[in-house]
Each structure stands twice: as structure tokens, then as C-alpha cells.
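Asker: Pasting work38.pdb here (PDB, C-alpha atoms):
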ATOM      1  CA  MET T   1       0.000   0.000   0.000
ATOM      2  CA  ILE T   2       1.329   3.441  -0.943
ATOM      3  CA  THR T   3       1.547   5.766   2.029
ATOM      4  CA  LYS T   4       0.846   9.457   2.463
ATOM      5  CA  LYS T   5       4.495   9.836   3.490
ATOM      6  CA  GLN T   6       5.598   8.466   0.088
ATOM      7  CA  VAL T   7       3.342  10.945  -1.749
ATOM      8  CA  ILE T   8       4.646  13.889   0.265
ATOM      9  CA  LYS T   9       8.223  12.737  -0.371
ATOM     10  CA  ALA T  10       7.511  12.608  -4.134
ATOM     11  CA  GLN T  11       6.006  16.101  -4.011
ATOM     12  CA  ASN T  12       9.046  17.442  -2.171
ATOM     13  CA  GLN T  13      11.369  15.795  -4.708
ATOM     14  CA  TRP T  14       9.391  17.407  -7.543
ATOM     15  CA  ALA T  15       9.554  20.858  -5.906
ATOM     16  CA  HIS T  16      13.278  20.557  -5.175
ATOM     17  CA  ALA T  17      14.044  19.472  -8.757
ATOM     18  CA  VAL T  18      12.053  22.334 -10.324
ATOM     19  CA  ILE T  19      13.871  24.820  -8.074
ATOM     20  CA  GLU T  20      17.230  23.248  -8.985
ATOM     21  CA  ILE T  21      16.555  23.517 -12.724
ATOM     22  CA  GLY T  22      15.955  27.251 -12.289
ATOM     23  CA  THR T  23      19.386  27.737 -10.707
ATOM     24  CA  ILE T  24      21.351  26.306 -13.648
ATOM     25  CA  LYS T  25      22.569  28.900 -16.164
ATOM     26  CA  GLU T  26      24.406  26.691 -18.670
ATOM     27  CA  ASN T  27      21.874  25.415 -21.260
ATOM     28  CA  ASP T  28      23.352  21.926 -21.763
ATOM     29  CA  VAL T  29      23.604  21.283 -18.014
ATOM     30  CA  CYS T  30      20.076  22.639 -17.474
ATOM     31  CA  LYS T  31      18.691  20.393 -20.227
ATOM     32  CA  GLN T  32      20.390  17.309 -18.767
ATOM     33  CA  CYS T  33      19.096  18.158 -15.294
ATOM     34  CA  ALA T  34      15.550  18.479 -16.697
ATOM     35  CA  ILE T  35      15.870  15.157 -18.564
ATOM     36  CA  ASN T  36      17.027  13.483 -15.336
ATOM     37  CA  PHE T  37      14.066  15.095 -13.517
ATOM     38  CA  LEU T  38      11.612  13.659 -16.054
ATOM     39  CA  ASP T  39      13.271  10.223 -16.009
ATOM     40  CA  GLU T  40      13.378  10.108 -12.213
ATOM     41  CA  LEU T  41       9.905  11.417 -11.352
ATOM     42  CA  TYR T  42       7.659  10.795 -14.370
ATOM     43  CA  PHE T  43       6.295   7.592 -15.907
ATOM     44  CA  PHE T  44       7.389   8.364 -19.528
ATOM     45  CA  GLN T  45       9.890   5.475 -19.736
ATOM     46  CA  THR T  46       7.264   2.935 -18.684
ATOM     47  CA  GLY T  47       3.962   4.068 -20.172
ATOM     48  CA  PRO T  48       1.680   6.965 -21.011
ATOM     49  CA  VAL T  49       1.616  10.201 -19.013
ATOM     50  CA  LEU T  50      -1.318  12.620 -18.986
ATOM     51  CA  PHE T  51       0.269  16.052 -18.600
ATOM     52  CA  LYS T  52      -1.610  19.364 -18.639
ATOM     53  CA  PRO T  53       0.801  22.074 -17.465
ATOM     54  CA  THR T  54      -0.259  25.304 -15.792
ATOM     55  CA  MET T  55       1.048  27.844 -18.285
ATOM     56  CA  ALA T  56      -0.058  26.205 -21.525
ATOM     57  CA  SER T  57      -2.907  27.529 -23.640
ATOM     58  CA  LEU T  58      -2.176  26.807 -27.307
ATOM     59  CA  GLN T  59      -1.077  23.209 -26.807
ATOM     60  CA  GLN T  60      -2.629  22.393 -23.448
ATOM     61  CA  PHE T  61      -1.649  18.730 -23.330
ATOM     62  CA  ARG T  62       1.949  17.453 -23.287
ATOM     63  CA  ASN T  63       1.798  13.673 -23.415
ATOM     64  CA  THR T  64       5.375  12.997 -24.571
ATOM     65  CA  LYS T  65       8.640  13.399 -22.733
ATOM     66  CA  GLU T  66       9.853  15.827 -25.427
ATOM     67  CA  MET T  67       6.784  18.031 -24.942
ATOM     68  CA  ALA T  68       7.206  17.967 -21.153
ATOM     69  CA  LEU T  69      10.875  18.898 -21.524
ATOM     70  CA  SER T  70       9.839  21.754 -23.821
ATOM     71  CA  TYR T  71       7.433  23.048 -21.180
ATOM     72  CA  PHE T  72       9.936  22.906 -18.344
ATOM     73  CA  ILE T  73      12.978  24.420 -20.096
ATOM     74  CA  GLY T  74      11.689  26.051 -23.331
ATOM     75  CA  GLY T  75      14.415  27.653 -25.423
ATOM     76  CA  GLU T  76      15.025  27.783 -29.134
ATOM     77  CA  ASP T  77      14.512  24.014 -29.475
ATOM     78  CA  ALA T  78      11.111  24.109 -27.744
ATOM     79  CA  VAL T  79       8.656  21.634 -29.270
ATOM     80  CA  CYS T  80       5.748  23.911 -28.357
ATOM     81  CA  LYS T  81       6.415  27.501 -29.385
ATOM     82  CA  GLU T  82       4.610  29.000 -26.370
ATOM     83  CA  ASP T  83       7.088  27.390 -23.958
ATOM     84  CA  ASP T  84       9.471  29.777 -22.267
ATOM     85  CA  GLY T  85      10.734  27.369 -19.625
ATOM     86  CA  PHE T  86       8.511  27.174 -16.556
ATOM     87  CA  ALA T  87      11.248  25.528 -14.475
ATOM     88  CA  LYS T  88      13.832  28.095 -15.598
ATOM     89  CA  THR T  89      11.985  30.688 -13.547
ATOM     90  CA  PRO T  90      14.160  31.280 -10.506
ATOM     91  CA  TRP T  91      11.705  29.789  -8.005
ATOM     92  CA  ILE T  92      13.006  29.942  -4.453
ATOM     93  CA  ASP T  93      10.220  27.953  -2.843
ATOM     94  CA  ILE T  94       7.451  25.580  -3.933
ATOM     95  CA  LYS T  95       4.930  24.317  -1.399
ATOM     96  CA  PHE T  96       2.262  21.662  -1.908
ATOM     97  CA  GLU T  97      -0.967  21.981   0.075
ATOM     98  CA  ASN T  98      -2.883  18.731  -0.346
ATOM     99  CA  ASN T  99      -6.647  18.957  -0.210
ATOM    100  CA  ASN T 100      -6.804  15.170  -0.193
ATOM    101  CA  ILE T 101      -4.869  12.081  -1.209
ATOM    102  CA  ILE T 102      -6.349   8.792  -2.406
ATOM    103  CA  LEU T 103      -4.100   5.830  -1.611
ATOM    104  CA  ASP T 104      -4.148   2.355  -3.126
ATOM    105  CA  ASN T 105      -1.759  -0.570  -3.477
ATOM    106  CA  LYS T 106       0.078   0.664  -6.581
ATOM    107  CA  ARG T 107      -1.561   4.053  -7.231
ATOM    108  CA  ALA T 108      -2.058   7.341  -5.441
ATOM    109  CA  ILE T 109      -3.799  10.546  -6.493
ATOM    110  CA  ALA T 110      -3.208  13.887  -4.786
ATOM    111  CA  MET T 111      -5.183  17.090  -5.355
ATOM    112  CA  GLY T 112      -4.759  20.561  -3.921
ATOM    113  CA  ASN T 113      -2.992  23.860  -4.374
ATOM    114  CA  TYR T 114       0.672  24.535  -4.800
ATOM    115  CA  TYR T 115       2.455  27.815  -4.370
ATOM    116  CA  PHE T 116       5.448  29.012  -6.373
ATOM    117  CA  LYS T 117       7.525  31.799  -4.851
ATOM    118  CA  SER T 118       9.911  33.624  -7.153
ATOM    119  CA  ASN T 119      13.055  35.468  -6.142
ATOM    120  CA  ASN T 120      11.150  38.777  -6.290
ATOM    121  CA  SER T 121       8.789  37.398  -3.580
ATOM    122  CA  ASP T 122       5.766  37.093  -5.882
ATOM    123  CA  ILE T 123       3.724  33.962  -5.159
ATOM    124  CA  ILE T 124       1.711  32.155  -7.818
ATOM    125  CA  LYS T 125      -1.042  29.822  -6.623
ATOM    126  CA  ALA T 126      -2.004  26.960  -8.925
ATOM    127  CA  GLU T 127      -4.315  23.966  -8.577
ATOM    128  CA  TYR T 128      -3.012  20.464  -9.217
ATOM    129  CA  THR T 129      -3.964  16.843  -9.504
ATOM    130  CA  PHE T 130      -1.021  14.426  -9.605
ATOM    131  CA  GLY T 131      -1.428  10.703 -10.145
ATOM    132  CA  TYR T 132       1.358   8.368  -9.066
ATOM    133  CA  LYS T 133       2.126   4.752  -9.899
ATOM    134  CA  LEU T 134       4.416   2.597  -7.821
ATOM    135  CA  VAL T 135       7.309   1.347  -9.990
ATOM    136  CA  ASN T 136      10.081  -0.690  -8.344
ATOM    137  CA  GLY T 137       9.314   0.866  -4.964
ATOM    138  CA  LYS T 138       9.317   4.465  -6.294
ATOM    139  CA  LEU T 139       6.405   6.739  -7.146
ATOM    140  CA  LYS T 140       6.276   7.938 -10.755
ATOM    141  CA  ILE T 141       3.909  10.644 -12.010
ATOM    142  CA  ASP T 142       1.554   9.431 -14.731
ATOM    143  CA  LEU T 143      -1.036  12.209 -14.302
ATOM    144  CA  HIS T 144      -0.072  15.872 -13.928
ATOM    145  CA  HIS T 145      -2.880  18.385 -14.283
ATOM    146  CA  SER T 146      -2.256  21.956 -13.218
ATOM    147  CA  SER T 147      -4.201  25.151 -13.771
ATOM    148  CA  LEU T 148      -4.641  28.629 -12.398
ATOM    149  CA  PRO T 149      -7.658  29.188 -10.145
ATOM    150  CA  TYR T 150     -10.865  30.349 -11.803
ATOM    151  CA  SER T 151     -11.313  34.091 -11.961
ATOM    152  CA  SER T 152     -14.671  35.725 -12.686
ATOM    153  CA  ASP T 153     -12.793  38.826 -13.914
ATOM    154  CA  SER T 154     -12.134  37.344 -17.345
TER     155      SER T 154
END
Spit out the file's structure as C-alpha cells when you get a sec.
Answerer:
Amino acid sequence: MITKKQVIKAQNQWAHAVIEIGTIKENDVCKQCAINFLDELYFFQTGPVLFKPTMASLQQFRNTKEMALSYFIGGEDAVCKEDDGFAKTPWIDIKFENNNIILDNKRAIAMGNYYFKSNNSDIIKAEYTFGYKLVNGKLKIDLHHSSLPYSSDS
């Protein structure tokens, strides 16, 4: 049975890795770090991943590793032209606030808000649903849905 502690550990690993990517200035090193992040924490090497990133509007769904990499690091080789590198933002803190977690033998789903603090102290609140599968004793993300909260001002 997957535990809440395992889910929280996976969330903390995700947050730490995104922050780390944003600290790397050299493009080749940053790209390799992002590839390692995707290989370590996502399910791409084993099966399909449903990925809807927060800051995507033209191509909302990124179901390949290449498209996820494009979202996280952007750059001139970005697969999706709207990608400017979400993880390259110099985030200094990312906090998950779980509304609830569903636990099962080989699957867990967490939903809530997460908060991204940049180095200028601005905080962005986003809503997430992450699905995890247990693979060789490690949680891998196979569902990543993130969006900005609804605003009636639009």
C-alpha cells in the first residue's frame, strides 16, 4: 500500500528538482538536469503520461517526454512555441498543500494547491492533480494536471 508519506516525499522531490533547474545557467547542463528530472519522477519510460501544465494555452496537453521537456525548459529548441521554460523561472520555494490524497496498493492521487515563490517574492497559486504509480518501490507521475484558479474577472 502506498503511504501518504511516500506521496509527500515525491512532491518534495518534484519541488526541489524544479527549483534546482531554475538555478542552472548553462543550457546543456540545465537540459540534462531536466531530462534526469523527467526520467526520475515521471512515468514516460514505462507508459503513457497525462500532462496538462499550468502555463499552456495553445497546446494544453503534453503527453510525450519531449513536450514535457519543452514546457519545463523552453528555449530555441522548444517543441511547443509558447514554452518559455517554466522551471527556468528562478523559483526559491514551492509548497504543496494537499486537499486530499487517495491511496491504493500501486496508485495514489493527490489534489490541492501549490504555491510558487519567485526570487522577487511574488507567489503564484495553482491547482493540481497528480497521479502516481508505484514502480520498483518508487512513485512515478503518470497524471499531472495543473491550472490557475478560476477568476470571474475574465
Asker: Once the PyMOL selection byres ((chain T and resi 91) around 6) has been applied to the shown file, what residues remain in the selection, as a VMD selection string?
Answerer: chain T and resid 19 89 to 90 92 to 93 117 to 118
Asker: Write the selection just made, keeping C-alpha atoms, as a PDB file, in the coordinates of the input?
Answerer:
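Resulting contents of selection.pdb:
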ATOM      1  CA  ILE T  19      13.871  24.820  -8.074  1.00  0.00           C
ATOM      2  CA  THR T  89      11.985  30.688 -13.547  1.00  0.00           C
ATOM      3  CA  PRO T  90      14.160  31.280 -10.506  1.00  0.00           C
ATOM      4  CA  ILE T  92      13.006  29.942  -4.453  1.00  0.00           C
ATOM      5  CA  ASP T  93      10.220  27.953  -2.843  1.00  0.00           C
ATOM      6  CA  LYS T 117       7.525  31.799  -4.851  1.00  0.00           C
ATOM      7  CA  SER T 118       9.911  33.624  -7.153  1.00  0.00           C
TER       8      SER T 118
END
Asker: Of the residues T:Leu148, T:Ala87, T:Ala68, T:Leu139, which is the one nearest to Met1 (chain T), using only C-alpha atoms?
Answerer: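 Of T:Leu148, T:Ala87, T:Ala68, T:Leu139, the one nearest Met1 (chain T) is T:Leu139, counting only C-alpha atoms.
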Asker: Just to confirm, what's the straight-line distance from CA of Ala10 (chain T) to CA of Asn136 (chain T) in Å (one decimal)?
Answerer: 14.2 Å
Asker: For Lys4 (chain T), which residue among T:Ile109, T:Thr129, T:Asp153, T:Ser146 is the nearest when counting only C-alpha atoms?
Answerer: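 Of all the options, T:Ile109 lies closest to Lys4 (chain T).
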Asker: Distance CA of Asn113 (chain T)-CA of Tyr128 (chain T), one decimal place?
Answerer: 5.9 Å
Asker: What does the distance between CA of Phe96 (chain T) and CA of Arg62 (chain T) come to in Å, to one decimal place?
Answerer: 21.8 Å
Asker: Apply the PyMOL selection byres ((chain T and resi 48) around 10) to the structure shown and report the selected residues as a ChimeraX atom specification.
Answerer: /T:42-47,49-51,63-65,141-143
Asker: Considering only C-alpha atoms, state which residue in the set T:Gln59, T:Ser152, T:Thr3, T:Gln11 is at the smallest distance from Asn98 (chain T).
Answerer: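 For Asn98 (chain T), the nearest of the given residues is T:Gln11.
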Asker: Just give me the residues with any atom within 9 Å of (4.2, 26.3, -24.1), file coordinates, counting all atoms listed in the file, written as a list in words.
Answerer: Pro53, Met55, Ala56, Ser57, Leu58, Gln59, Gln60, Met67, Ser70, Tyr71, Phe72, Gly74, Ala78, Val79, Cys80, Lys81, Glu82, Asp83, Asp84, Gly85 and Phe86 of chain T
Asker: Quick one: what's the axis-aligned box for region 57-62 of chain T, all listed atoms, 8 Å on every side, centre and edges in Å to one decimal, as AutoDock Vina command-line options?
Answerer:
--center_x -0.5 --center_y 22.5 --center_z -25.3 --size_x 20.9 --size_y 26.1 --size_z 20.0
Asker: Residues near region 32-40 of chain T, anyone? I mean within 7 Å using all atoms listed in the file, not counting same-chain ones fewer than 2 positions away, as an NGL selection string.
Answerer: :T and (17 or 21 or 28-30 or 42 or 45 or 69)
Asker: Which residues, named as in the file, does the PyMOL selection byres ((chain T and resi 125) around 9) pick out? Answer as a PyMOL selection string.
Answerer: chain T and resi 113-117+123-124+126-127+148-149
Asker: Could you check the closest approach to Lys25 (chain T) for each of T:Leu103, T:Ile73, T:Ile94, T:Leu134 and tell me which residue wins, using only C-alpha atoms?
Answerer: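 Looking at the shortest contact to Lys25 (chain T), the residue is T:Ile73.
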Asker: May I ask which of the residues T:Glu66, T:Asp122, T:His16, T:Lys106 is the closest one to Gly137 (chain T), counting all atoms listed in the file?
Answerer: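 Closest residue, counting all atoms listed in the file: T:Lys106.
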Asker: Counting all atoms listed in the file, which of T:Lys138, T:Glu20, T:Phe130, T:Lys88 gets nearest to Ile101 (chain T)?
Answerer: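 The shortest atom-to-atom distance to Ile101 (chain T) comes from T:Phe130.
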